[in-house]
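> This structure is in structure tokens; I'll ask about it shortly.
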Amino acid sequence: MITDNHEKFTRERILWMHKWSQRLISFRISRAAGFRFTPGQFARLGLVKANGGMVWRAYSMVSAVWDEYLEFLSILVPGGSFTAILNELVPGNEILVEKQAQGFFTTDRFTDGRDLWMLAAGTGLAPYLAILQEARTWERFERLLLVHSVRESADLAYRDEIAALREHPLWEAHGHRLSYLPVVTRGSFTGVLQRRIPDLLADGSLVDAANCPLSPEASRLMICGSPQMVASTHRQLMHMGYRLSRLTAPAQLAVENAW
């Protein structure tokens with residue numbers, strides 16, 4: 001039996017669920033009136049286990065700050081203590097949400113820059129979708145480059161939604177600023193890049209595909225994905241002369257593990 005702790009979480013409801021593939025799902029939940037977040041931040045979500053205990057996981061918001069719901073993107077881990085429960089939920093089921101959003105994976109990490117590179121693997125796409133629904137993002141940067149790497153093409157979630165961002169009425173005049181570069185690392189596909197992001201950075205293929213040069217002066221880069229992807233991409237960019245941006249020492253990189 002879980003007792004409400006009104007200091008820490010609210011009880012919300014599943015509103016909608018969508019499976020992109022056998023291992024990837026999006027879901028929306030109700031949003032407490034007082035819940036606030038900055039695009040790029042995450043929420044801690046809680047589910048009740050069969051034995052009555054709790055399991056909590058952190059998920060970045062996909063939804064815009066003005067949406068009346070909260071939306072998330074999740075990988076379904078076979079036997080996962082959280083996602084095994086999540087996969088059985090239906091609209092109307094309960095989920096807990098800590099009241100305070102967390103995280104520093106936001107564009108506020110950067111004090112200047114011309115081009116914003118958003119490098120994602122798998123569910124690392126999520127925070128960028130919230131960031132791309134913020135008008136200030138479109139006004140602040142001349143180029144927005146969203147790179148999404150997945151194993152198989154079925155996992156390229158939100159493709160239609162990303163395309164629609166260019167025509168959003170709030171920034172349709174700036175729609176040309178967004179470039180979307182899908183990456184599929186398994187199988188043979190046309191129209192997409194086919195190697196890991198660090199390798200595409202190392203040999204210049206990513207820059208060529210985007211038709212946008214990289215430089216420490218002009219480029220600001222965000223990295224979100226598995227710990228292995230984040231570490232290898234961070235390492236490659238450090239080798240290329242980029243440094244992690246800190247509150248006391250602004251630079252070019254921001255990193256976040258998607259799980």
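Chain identifiers are assigned as A, B, and so on, following the order in which chains appear in the structure tokens; residues are numbered from 1 within each chain, and ligands are numbered from 1 in order of appearance.
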Which residues are near Lys8 of chain A? Cut-off 8 Å, only C-alpha atoms, ignore same chain within fewer than 6 positions. Put them as a PyMOL selection string.
chain A and resi 98-100
> Put those residues in a file: N, CA, C and O atoms, as a compact mmCIF listing (two decimals), in the first residue's frame.

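So part.txt came out as:
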```
# COMPACT_ATOMS: atom_id res chain seq x y z
N GLU A 98 7.17 12.55 -9.63
CA GLU A 98 7.74 13.48 -8.66
C GLU A 98 7.45 14.91 -9.09
O GLU A 98 7.52 15.24 -10.28
N LYS A 99 7.14 15.76 -8.14
CA LYS A 99 6.69 17.12 -8.44
C LYS A 99 7.76 18.00 -9.08
O LYS A 99 7.43 18.93 -9.80
N GLN A 100 9.01 17.72 -8.79
CA GLN A 100 10.10 18.59 -9.23
C GLN A 100 10.82 17.99 -10.43
O GLN A 100 11.39 16.91 -10.34
```
> Can you pull out the residues contacting segment 45-49 of chain A? Cut-off 8 Å, using only C-alpha atoms, and skip same-chain residues under 5 positions away; I want them as a list in words.
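The residues satisfying every condition are Met54, Val55, Trp56, Arg57, Ala58, Tyr59, Phe82, Ile85, Leu86, Glu94, Ile95, Leu96, Val97 and Glu98 of chain A.
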> Given only C-alpha atoms, how would the per-residue table for segment 200-221 of chain A near segment 166-183 of chain A read, listing every residue at most 9 Å away with its closest atom pair and distance in Å to one decimal, sorted by chain and number, as a Markdown table?

```
| residue | atom | partner | partner_atom | distance |
| --- | --- | --- | --- | --- |
| A:Leu206 | CA | A:Leu181 | CA | 8.5 |
| A:Ala209 | CA | A:Leu181 | CA | 7.8 |
| A:Ala210 | CA | A:Ser179 | CA | 7.0 |
```
> Output N, CA and C atoms for every residue in the selection just made, as a short mmCIF file (atom, residue, chain, number, x, y, z; two decimals), in the first residue's frame.

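Dumped to again-v9.cif:
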```cif
data_model
loop_
_atom_site.label_atom_id
_atom_site.label_comp_id
_atom_site.auth_asym_id
_atom_site.auth_seq_id
_atom_site.Cartn_x
_atom_site.Cartn_y
_atom_site.Cartn_z
N LEU A 206 29.44 13.11 -41.18
CA LEU A 206 28.27 13.80 -40.62
C LEU A 206 28.24 15.26 -41.07
N ALA A 209 27.13 15.34 -44.70
CA ALA A 209 25.70 15.08 -44.87
C ALA A 209 24.86 16.28 -44.44
N ALA A 210 25.31 16.97 -43.40
CA ALA A 210 24.57 18.14 -42.91
C ALA A 210 24.86 19.39 -43.71
#
```
> Which polymer residues have any atom within 12 Å of an atom of Leu132 of chain A, counting only C-alpha atoms, with same-chain residues fewer than 4 positions away left out, as number ranges by chain?
A: 38-40, 61-65, 106-107, 116-118, 125-128, 136-141, 143-146, 161-166, 168, 170-171, 174-175, 177-180
> Quick one: DSSP alpha helix (DSSP H) residues in segment 194-248 of chain A, as a PyMOL selection string?
chain A and resi 197-202+205-210+227-239
> Would you mind exporting N, CA and C atoms of the selected residues as a compact mmCIF listing (two decimals), in the first residue's frame?

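Final file, again_30.txt:
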```txt
# COMPACT_ATOMS: atom_id res chain seq x y z
N ILE A 197 27.69 7.39 -34.60
CA ILE A 197 27.92 8.82 -34.61
C ILE A 197 29.39 9.19 -34.41
N PRO A 198 30.12 8.57 -33.46
CA PRO A 198 31.54 8.93 -33.31
C PRO A 198 32.33 8.70 -34.59
N ASP A 199 32.03 7.61 -35.31
CA ASP A 199 32.74 7.33 -36.57
C ASP A 199 32.39 8.35 -37.64
N LEU A 200 31.13 8.77 -37.68
CA LEU A 200 30.70 9.76 -38.66
C LEU A 200 31.33 11.12 -38.38
N LEU A 201 31.57 11.41 -37.11
CA LEU A 201 32.27 12.63 -36.74
C LEU A 201 33.75 12.54 -37.10
N ALA A 202 34.35 11.38 -36.85
CA ALA A 202 35.79 11.23 -37.05
C ALA A 202 36.20 11.40 -38.50
N SER A 205 31.94 12.49 -42.27
CA SER A 205 30.72 12.13 -43.00
C SER A 205 29.50 12.88 -42.49
N LEU A 206 29.44 13.11 -41.18
CA LEU A 206 28.27 13.80 -40.62
C LEU A 206 28.24 15.26 -41.07
N VAL A 207 29.38 15.89 -41.04
CA VAL A 207 29.47 17.28 -41.50
C VAL A 207 29.09 17.38 -42.97
N ASP A 208 29.56 16.43 -43.78
CA ASP A 208 29.23 16.45 -45.21
C ASP A 208 27.74 16.26 -45.43
N ALA A 209 27.13 15.34 -44.70
CA ALA A 209 25.70 15.08 -44.87
C ALA A 209 24.86 16.28 -44.44
N ALA A 210 25.31 16.97 -43.40
CA ALA A 210 24.57 18.14 -42.91
C ALA A 210 24.86 19.39 -43.71
N PRO A 227 24.98 5.20 -22.08
CA PRO A 227 26.27 5.63 -21.52
C PRO A 227 27.44 5.37 -22.45
N GLN A 228 27.41 4.26 -23.19
CA GLN A 228 28.50 3.94 -24.11
C GLN A 228 28.54 4.93 -25.27
N MET A 229 27.36 5.25 -25.82
CA MET A 229 27.30 6.21 -26.93
C MET A 229 27.76 7.58 -26.47
N VAL A 230 27.29 8.01 -25.30
CA VAL A 230 27.67 9.33 -24.79
C VAL A 230 29.18 9.40 -24.57
N ALA A 231 29.74 8.36 -23.96
CA ALA A 231 31.17 8.37 -23.66
C ALA A 231 32.01 8.38 -24.93
N SER A 232 31.66 7.57 -25.92
CA SER A 232 32.46 7.49 -27.14
C SER A 232 32.33 8.75 -27.98
N THR A 233 31.12 9.33 -28.03
CA THR A 233 30.93 10.56 -28.79
C THR A 233 31.63 11.73 -28.10
N HIS A 234 31.51 11.78 -26.78
CA HIS A 234 32.20 12.82 -26.00
C HIS A 234 33.71 12.72 -26.22
N ARG A 235 34.22 11.51 -26.17
CA ARG A 235 35.66 11.31 -26.35
C ARG A 235 36.12 11.77 -27.74
N GLN A 236 35.33 11.45 -28.76
CA GLN A 236 35.69 11.87 -30.12
C GLN A 236 35.69 13.39 -30.26
N LEU A 237 34.69 14.03 -29.69
CA LEU A 237 34.61 15.49 -29.79
C LEU A 237 35.71 16.17 -28.97
N MET A 238 36.06 15.60 -27.84
CA MET A 238 37.19 16.13 -27.08
C MET A 238 38.47 16.06 -27.91
N HIS A 239 38.63 14.95 -28.63
CA HIS A 239 39.80 14.79 -29.50
C HIS A 239 39.80 15.84 -30.60
```
> In segment 67-225 of chain A, what's strand (DSSP E or B) per DSSP? Answer as a ChimeraX atom specification?
/A:69-75,94-98,102,115-121,143-150,178-184,193,219-225
> Out of A:Glu134, A:Phe110, A:Val184, A:Ala218, which residue has the shortest atom-to-atom distance to Arg246 of chain A when counting only C-alpha atoms?
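Once distances to Arg246 of chain A are computed over only C-alpha atoms, the minimum belongs to A:Phe110.
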> Can you work out which one of A:Arg243, A:Arg13, A:Arg186, A:Lys19 has the shortest atom-to-atom distance to Asn87 of chain A, counting only C-alpha atoms?
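Of all the options, A:Lys19 lies closest to Asn87 of chain A.
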